[in-house]
Structure formats: C-alpha cells, structure tokens
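First up is the structure itself, then whatever we jot down about it.
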Amino acid sequence: MIAYNICIYFVELGIRIASHFNDKVHRMWKGEQESFDVLSRQVDKSARYLWFHAASLGEFEQGRPLMERIRQLYPQYKFLLTFYSPSGYDVRKDYKGADIVCYMPVDTPRNARRFLNLVRPEAAFFIKYEFWYNFLSILKRNNIPVYSVSSIFRPSQIFFRWYAGKYNKVLGCFERFFVQNEESRSLLDGIGISNVEVVGDTRFDRVVQIRDAAKELPVVKSFIADCPDVFVAGSSWPPDEEIFMKYFKEHKGWKLIIAPHVINESHLAQIVSLCGNMKVVRYSDSDEASVAGADVLIIDCFGLLSSIYRYGTVSYVGGGFGVGIHNTLEAAVWNIPVVIGPNNKRFREAQGLLKNGGAFEIQNYEDFVSVMNKLSDADTCAQAGRNAGKYVDSLVGATEKIIRSINL
C-alpha cells in the first residue's frame, strides 16, 4: 500500500500547512500531535481496553448506544474513545462514558505500531465510514477483532470501482460488518466480503435514548403556553430562515422556536431582522416571565434542540438548501411531522420519513406554503406526526442485534 501511504503523507502535510490559517484545522493538528502524550499519561497498563473510533460528533452519537450497552454488560473493560474531527472531540472530550478521550493519530505505519504498543485494545469498533488502512492492518495482524458499526455502502464508493486496487484489502481487516441495509450487504458480497449482518442504524436507538432522558425546559414551556400551534426550526441556515420567516410574517397565531445551526452575533441579528415586527427573545436572556408574550424564541446556545422538538406542532430540519439536511430523527421521535429542504436524497432516514408520510419536502417558498396549509389541519398534522414516530419506533434495536453477535 505504498500509494496509500504516499497519499497519507500529503494529507498530513496539507493539514500541517492549513493549521496555520484555519483554527479548526489547527485544533485537529495539535490534538493529533498530542494524542500519544495523552495515551502515555492515561493508559493503565494493567487494564483491558476496548477502542471506539468516530470521525466526528454524528458518528459518536451513532456509536454511543453500543458503547454504553457494552459498558453495562462488560464492566471489566476500560474504554478509549478517539475522534478525527474537532467537531466531535471539542464537544465530547469530557464524555464520562469513556476512560480516555483523544484524537486519533495520523494513519501512518509508525503511528499504528506505536498506538498498538501503548493501548493494546482487545477489540475495536469503527463507526460508519472509518477505514484507516494502517491501523486496521496492524490490528488484523495481531488478531484483534475490529467491528464496523452502522456502516453503509454505496456503488459510488471506491471499494466498488475498477480502480480500487489493493485498497479493497482494508475491508478484509474487519471481523464483522454491521450494516444498515440490504444494499450494503449485497455490495460487499459482490466483492467477496461475506462476514456481514444487516442490523439497521444505531442512531434510532440513540434518539430514543435522548427522548427518554429529556428534561422539561420551563422557559420554553412558558413561551408556548396556551398556544396550540408551535413551529420548531432546528439546525436552520439563512436559506431556510428566509423561507419560513416570510410565511410566519404573513400568517399570525403561531409561536416560533428557532435553533440555528450557526450561533454567532451576525447570524442571530440576521434572524431578528427577518422577524420584522414580531416580538423576539433569546433563550439565554430570558426567564419564564419574559418569554410569555413573545412571538419568536431564538435558542442561542447548544445542547437543547433534541429536547425542544417535543414542544412543537410542526418541525423544520435545516440544511436542505445547502450541503444536506441535519438530524431528522431527533424531531420525528417526538411524533411531529418534519419539513425538509431538497438536499435529502443521501439520507436514508429522510427518505423513509418521506415515504411513510412523516416528512414533507419543499423546493421553495410556494412549496412551504402548500405544506403548511396542509399541516394547519389538526387531524392531518396529527396523523403525519404519528407516521413519523412509528417510523422511528419500527427501526430501533440495532444495538441489541450487534451485542448478540460480538465476542468479548
């Protein structure tokens, strides 16, 4: 795999150069450089470790139900959690479910050997799309089982192209693939990979966990008091906000809760300007009394969105007019209909919600008006919400299927 290692060298060089100009890349580069210091200080040589690796925050949340379930069943192990991206590490560096949290070192042969000598994991779990050849190869050579969790494969991936070459060997390093759908199993079977089990997506288990652990938010509860129509926009971007704010300036009687994806002063000011004459309050500046007469509540902090969806009549999940929609399951699990933008085709859960009538796609403002007119009927809205909730409930259970198939 000389070509692969040459590519890794240039990736590493690119990260090093970019770290001088981009704060996020700088944090990643610094974290990768410090990872061996962290491991040297924190690894307990007498302990037995399981290693979980997630690229970023989304993959971590996907693997979290499995990690926590294994911890319940196998308390004799300690847990190492590694990230590739700062967006995962920065948010979960203090996660109490792991004994050590750090960045994954760059995937070079030397780093892989050094890592194995320090940690000596008894098993490894790579979440979704993680296929680092040098780390996986050395784990395989040392008979350490590696499991691919909630992975999903598509014909466009390199593994199924004529030019894949020897990189396909990376798939042979896994003890077992726990894939999301039958298409993934079929694609892997087509290149000779048969140690595959279709278990579904552990994200469904995670959103149910979040729903069951959610707490009441008195400020939000006071804001929506005595209002039957509440619109919750989660992870919204300016193109999303321009569409739904235009509608609600013309259609009164709704309470709006907006949790933007990017929280900074310029974006918050932009949202306020779109609200026109509507009374707007920020969550961080409010109490139960001050929000009572407001029309719009802006959530200007992180960590509340998954609980806030419960207060909605209709939800909107942003990102569909950009690189792709955000987490629709966090809304659907609360039995409310979900409205999304057009860039949703790559998201299996969104396609499932659209198919069963729990979600509605819009292409423009006119579509949004049409959908809202439909959902303004209480019975139609309630049925769509039930459809959304049933879809989520029908797909929970991937974690327990994996538990039954791993050997620890």
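FYI, nothing fancy with the structure tokens labels: chains A, B, ... in order, residues from 1 per chain, ligands from 1 as they appear.
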message = I'd like the contact shell of A:Val119 - 8 Å cut-off, only C-alpha atoms, skipping same-chain residues fewer than 3 positions apart - returned as a VMD selection string.
response = chain A and resid 39 43 45 49 115 to 116
| Excluding same-chain residues fewer than 4 positions from A:Gly97, what lies within 8 Å of it counting only C-alpha atoms, as a count of residues only? | 3
One decimal place gives the atom CA of A:Phe204-atom CA of A:Ser150 separation as 10.8 Å
Query raised in the report: Closest to A:Leu354 among A:Ser370, A:Gly385, A:Asn5, A:Tyr167, using only C-alpha atoms?
Result: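 For A:Leu354, the nearest of the candidates is A:Gly385.
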Residues within 9 Å of A:Pro238, please, as a PDB file with N, CA and C atoms, in the first residue's frame. Count only C-alpha atoms; anything in the same chain fewer than 6 positions from it doesn't count.
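Saved to out.pdb:
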```pdb
ATOM      1  N   PRO A 260     -30.779  27.894  15.418  1.00  0.00           N
ATOM      2  CA  PRO A 260     -29.928  27.912  14.227  1.00  0.00           C
ATOM      3  C   PRO A 260     -28.719  27.002  14.363  1.00  0.00           C
ATOM      4  N   HIS A 267     -25.319  36.079  12.620  1.00  0.00           N
ATOM      5  CA  HIS A 267     -26.430  35.226  12.202  1.00  0.00           C
ATOM      6  C   HIS A 267     -27.671  35.496  13.042  1.00  0.00           C
ATOM      7  N   GLN A 270     -29.283  38.575  11.896  1.00  0.00           N
ATOM      8  CA  GLN A 270     -29.956  38.347  10.623  1.00  0.00           C
ATOM      9  C   GLN A 270     -31.342  37.727  10.837  1.00  0.00           C
ATOM     10  N   ILE A 271     -31.428  36.781  11.774  1.00  0.00           N
ATOM     11  CA  ILE A 271     -32.718  36.159  12.080  1.00  0.00           C
ATOM     12  C   ILE A 271     -33.688  37.193  12.644  1.00  0.00           C
TER      13      ILE A 271
END
```
- Run DSSP on the backbone and grab whatever in stretch 209-295 of chain A lands in strand (DSSP E); send it over as a PyMOL selection string. chain A and resi 230-236+255-260+280-282
task: Show which residues sit within 12 Å of A:Arg282, as a list of chain:residue names. Count only C-alpha atoms, and ignore same-chain residues fewer than 3 positions away.
output: A:Val219, A:Val220, A:Phe223, A:Leu256, A:Ile257, A:Ile258, A:Ala259, A:Pro260, A:Ile263, A:Glu265, A:Leu268, A:Ala269, A:Ile271, A:Val272, A:Lys279, A:Asp285, A:Ser286, A:Asp287, A:Glu288, A:Ser290, A:Val291, A:Ala294, A:Asp295, A:Val296, A:Leu297, A:Ile298, A:Ile299, A:Asp300, A:Cys301
- Item | Counting only C-alpha atoms, the option among A:Gly312, A:Gly322, A:Pro75, A:Pro342 closest to A:Phe231 |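 Ranked by minimum distance to A:Phe231, first place goes to A:Gly312.
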- Message: With distances taken over only C-alpha atoms, which residue among A:Val232, A:Ala398, A:Ile15, A:Leu187 lies nearest A:Lys30?
- Response: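 With only C-alpha atoms as the atom set, the closest residue is A:Ile15.
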So the first atom is atom CA of A:Asn142 and the second is atom CA of A:Asn168; what is the distance between them in Å, to one decimal place?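 Spanning atom CA of A:Asn142 to atom CA of A:Asn168 is a straight-line distance of 19.6 Å.
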